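Asker: Structure incoming, see below.
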Amino acid sequence: MTESQNKWFKNWANKRQKGVAYYIITQTLIISGGLFLGKFAGFALFTNQNRWGEFFAELPTTVMLLLAIGIPFNVISWFLGEWRYRKLSGKQNIT
C-alpha cells in the first residue's frame with residue numbers, strides 16, 4: 001500500500017471504531033451546517049432586512065431538505081468507505 005492509502009486505512013479504522021451512526025450524524029451536521037451558513041450569509045448580504053420572516057418561514061423546509069439529502073448521501077459514503085477499507089485490508093493481509 002502507498003503511504004496515502006495507509007494513512008486513509010488508519011483514519012477509517014478510527015471512524016469504524018466510533019460507529020456508523022456517529023459517522024452519519026457528524027458528517028450530515030458538518031455538510032448541512034456549511035450549506036445552512038451559506039444560505040444564511042447569502043440571505044443576510046443580498047436581501048432586504050425586512051424579509052427575515054421569509055427566511056424563518058423557510059427554515060423547517062430547509063432543515064428537512066438538508067437531512068433528507070445528507071443522511072442518504074452519508075450512508076452511501078459509509079458503505080463506499082467500508083468497501084474500500086475491506087479492499088485495502090485484503091491488500092494489507094497479502095503483503
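A note on labels: chains of the C-alpha cells are A, B, ... as shown, every chain counts residues from 1, and ligands are counted from 1 in their shown order.
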So that I can check the surroundings of segment 30-33 of chain A, please list as a compact mmCIF listing (two decimals) with C-alpha atoms, in the first residue's frame every protein, DNA and RNA residue that reaches within 8 Å of it, counting only C-alpha atoms and ignoring chain neighbours fewer than 3 positions away.

Answerer:
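What landed in around_15.txt:
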```txt
# COMPACT_ATOMS: atom_id res chain seq x y z
CA THR A 26 -21.42 14.11 12.32
CA GLN A 27 -20.93 14.20 8.55
CA PHE A 36 -27.07 26.44 6.10
CA LEU A 37 -24.40 29.03 6.94
CA LEU A 66 -30.75 19.06 4.20
CA LEU A 67 -31.48 15.99 6.33
CA GLY A 70 -27.49 14.48 3.79
```

Asker: Tell me, as a PyMOL selection string, which residues lie within 9 Å of segment 73-77 of chain A, counting only C-alpha atoms; anything in the same chain fewer than 5 positions away does not count.

Answerer: chain A and resi 20+23-25+27-28+68+82

Asker: Restricting the output to C-alpha atoms, write the selected residues as a tab-separated table (two decimals), in the first residue's frame.

Answerer:
```
chain	number	residue	atom	x	y	z
A	20	VAL	CA	-21.75	4.12	11.65
A	23	TYR	CA	-20.19	8.96	11.28
A	24	ILE	CA	-23.53	9.62	9.59
A	25	ILE	CA	-24.68	12.16	12.19
A	27	GLN	CA	-20.93	14.20	8.55
A	28	THR	CA	-24.54	15.24	7.99
A	68	ALA	CA	-33.32	14.20	3.51
A	82	GLU	CA	-16.28	0.18	4.11
```

Asker: Quick one: residues within 12 Å of segment 1-13 of chain A, only C-alpha atoms, excluding same-chain residues fewer than 6 positions away - as a VMD selection string?

Answerer: chain A and resid 19 to 20 23 77 to 95

Asker: In Å, rounded to a single decimal, give me how far atom CA of Tyr22 of chain A is from atom CA of Leu65 of chain A.

Answerer: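 Separating atom CA of Leu65 of chain A from atom CA of Tyr22 of chain A is a distance of 20.3 Å.
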
Asker: Near Phe43 of chain A, counting only C-alpha atoms, which residues have an atom at most 12 Å away, once you skip same-chain residues fewer than 3 positions from it, shown as number ranges by chain?

Answerer: A: 36-40, 46-56, 58

Asker: Based on the selection just made, write all heavy atoms of those residues as a compact mmCIF listing (two decimals), in the first residue's frame.

Answerer:
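Printed below is selection-v2.txt as written:
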```txt
# COMPACT_ATOMS: atom_id res chain seq x y z
N PHE A 36 -26.18 25.53 5.39
CA PHE A 36 -27.07 26.44 6.10
C PHE A 36 -26.40 27.79 6.34
O PHE A 36 -27.01 28.84 6.15
CB PHE A 36 -27.52 25.83 7.43
CG PHE A 36 -28.46 26.71 8.18
CD1 PHE A 36 -29.78 26.83 7.80
CD2 PHE A 36 -28.01 27.44 9.27
CE1 PHE A 36 -30.65 27.66 8.49
CE2 PHE A 36 -28.87 28.27 9.98
CZ PHE A 36 -30.19 28.38 9.58
N LEU A 37 -25.13 27.76 6.74
CA LEU A 37 -24.40 29.03 6.94
C LEU A 37 -24.26 29.80 5.62
O LEU A 37 -24.34 31.04 5.61
CB LEU A 37 -23.03 28.77 7.54
CG LEU A 37 -23.02 28.44 9.02
CD1 LEU A 37 -21.60 28.10 9.47
CD2 LEU A 37 -23.56 29.59 9.84
N GLY A 38 -24.08 29.09 4.52
CA GLY A 38 -24.02 29.74 3.22
C GLY A 38 -25.34 30.40 2.85
O GLY A 38 -25.37 31.52 2.34
N LYS A 39 -26.42 29.69 3.12
CA LYS A 39 -27.75 30.27 2.84
C LYS A 39 -27.99 31.48 3.73
O LYS A 39 -28.50 32.50 3.28
CB LYS A 39 -28.83 29.22 3.06
CG LYS A 39 -30.21 29.74 2.75
CD LYS A 39 -31.27 28.70 2.90
CE LYS A 39 -32.62 29.33 2.57
NZ LYS A 39 -33.68 28.36 2.54
N PHE A 40 -27.62 31.36 4.99
CA PHE A 40 -27.79 32.47 5.93
C PHE A 40 -26.98 33.69 5.49
O PHE A 40 -27.47 34.82 5.48
CB PHE A 40 -27.38 32.02 7.34
CG PHE A 40 -27.48 33.11 8.37
CD1 PHE A 40 -28.70 33.46 8.91
CD2 PHE A 40 -26.34 33.77 8.80
CE1 PHE A 40 -28.80 34.46 9.86
CE2 PHE A 40 -26.42 34.78 9.75
CZ PHE A 40 -27.65 35.12 10.29
N PHE A 46 -27.52 39.72 0.68
CA PHE A 46 -28.09 40.06 -0.62
C PHE A 46 -29.60 40.27 -0.64
O PHE A 46 -30.19 40.33 -1.71
CB PHE A 46 -27.70 39.00 -1.65
CG PHE A 46 -26.22 38.85 -1.80
CD1 PHE A 46 -25.59 37.67 -1.42
CD2 PHE A 46 -25.45 39.88 -2.28
CE1 PHE A 46 -24.23 37.53 -1.54
CE2 PHE A 46 -24.08 39.74 -2.41
CZ PHE A 46 -23.46 38.57 -2.04
N THR A 47 -30.25 40.35 0.51
CA THR A 47 -31.68 40.63 0.53
C THR A 47 -31.97 41.80 1.45
O THR A 47 -31.13 42.22 2.24
CB THR A 47 -32.51 39.41 1.01
OG1 THR A 47 -32.14 39.09 2.34
CG2 THR A 47 -32.31 38.21 0.11
N ASN A 48 -33.19 42.28 1.37
CA ASN A 48 -33.62 43.38 2.24
C ASN A 48 -33.80 42.85 3.67
O ASN A 48 -34.15 41.69 3.88
CB ASN A 48 -34.94 43.97 1.75
CG ASN A 48 -34.80 44.61 0.40
OD1 ASN A 48 -33.71 45.06 0.05
ND2 ASN A 48 -35.88 44.65 -0.35
N GLN A 49 -33.58 43.73 4.62
CA GLN A 49 -33.68 43.34 6.02
C GLN A 49 -35.11 43.04 6.44
O GLN A 49 -35.32 42.37 7.44
CB GLN A 49 -33.08 44.44 6.91
CG GLN A 49 -31.59 44.64 6.71
CD GLN A 49 -30.78 43.40 7.07
OE1 GLN A 49 -31.09 42.72 8.04
NE2 GLN A 49 -29.77 43.10 6.27
N ASN A 50 -36.09 43.52 5.70
CA ASN A 50 -37.48 43.26 6.08
C ASN A 50 -37.98 41.90 5.61
O ASN A 50 -39.14 41.57 5.80
CB ASN A 50 -38.39 44.38 5.55
CG ASN A 50 -38.34 44.49 4.05
OD1 ASN A 50 -37.55 43.82 3.40
ND2 ASN A 50 -39.19 45.35 3.50
N ARG A 51 -37.12 41.08 5.02
CA ARG A 51 -37.53 39.76 4.53
C ARG A 51 -37.08 38.62 5.44
O ARG A 51 -37.07 37.47 5.02
CB ARG A 51 -36.99 39.56 3.12
CG ARG A 51 -37.60 40.58 2.15
CD ARG A 51 -37.16 40.39 0.75
NE ARG A 51 -37.65 39.11 0.25
CZ ARG A 51 -37.22 38.56 -0.87
NH1 ARG A 51 -36.31 39.15 -1.60
NH2 ARG A 51 -37.69 37.39 -1.26
N TRP A 52 -36.68 38.91 6.67
CA TRP A 52 -36.22 37.86 7.59
C TRP A 52 -37.35 36.90 7.94
O TRP A 52 -37.11 35.74 8.24
CB TRP A 52 -35.62 38.46 8.86
CG TRP A 52 -34.22 38.92 8.63
CD1 TRP A 52 -33.80 40.20 8.45
CD2 TRP A 52 -33.06 38.10 8.50
NE1 TRP A 52 -32.45 40.24 8.23
CE2 TRP A 52 -31.97 38.95 8.26
CE3 TRP A 52 -32.84 36.74 8.56
CZ2 TRP A 52 -30.68 38.48 8.07
CZ3 TRP A 52 -31.55 36.27 8.39
CH2 TRP A 52 -30.49 37.14 8.14
N GLY A 53 -38.58 37.36 7.91
CA GLY A 53 -39.72 36.47 8.16
C GLY A 53 -39.77 35.35 7.15
O GLY A 53 -40.11 34.21 7.48
N GLU A 54 -39.42 35.66 5.92
CA GLU A 54 -39.35 34.65 4.86
C GLU A 54 -38.28 33.60 5.18
O GLU A 54 -38.50 32.40 4.99
CB GLU A 54 -38.98 35.36 3.55
CG GLU A 54 -39.79 34.97 2.36
CD GLU A 54 -39.35 35.79 1.17
OE1 GLU A 54 -39.90 36.89 0.98
OE2 GLU A 54 -38.46 35.30 0.44
N PHE A 55 -37.14 34.06 5.64
CA PHE A 55 -36.05 33.15 5.98
C PHE A 55 -36.49 32.17 7.07
O PHE A 55 -36.27 30.96 6.96
CB PHE A 55 -34.82 33.93 6.44
CG PHE A 55 -33.68 33.07 6.87
CD1 PHE A 55 -32.87 32.47 5.93
CD2 PHE A 55 -33.41 32.84 8.21
CE1 PHE A 55 -31.80 31.67 6.30
CE2 PHE A 55 -32.35 32.04 8.60
CZ PHE A 55 -31.54 31.46 7.64
N PHE A 56 -37.11 32.70 8.12
CA PHE A 56 -37.53 31.83 9.23
C PHE A 56 -38.71 30.95 8.85
O PHE A 56 -38.86 29.86 9.38
CB PHE A 56 -37.82 32.67 10.47
CG PHE A 56 -36.58 33.27 11.07
CD1 PHE A 56 -36.41 34.65 11.09
CD2 PHE A 56 -35.57 32.47 11.57
CE1 PHE A 56 -35.26 35.20 11.62
CE2 PHE A 56 -34.42 33.02 12.10
CZ PHE A 56 -34.26 34.39 12.13
N GLU A 58 -39.04 29.59 5.90
CA GLU A 58 -38.44 28.52 5.08
C GLU A 58 -37.52 27.62 5.88
O GLU A 58 -37.06 26.60 5.37
CB GLU A 58 -37.65 29.14 3.93
CG GLU A 58 -38.48 29.85 2.90
CD GLU A 58 -37.62 30.53 1.85
OE1 GLU A 58 -36.37 30.44 1.95
OE2 GLU A 58 -38.19 31.14 0.95
```
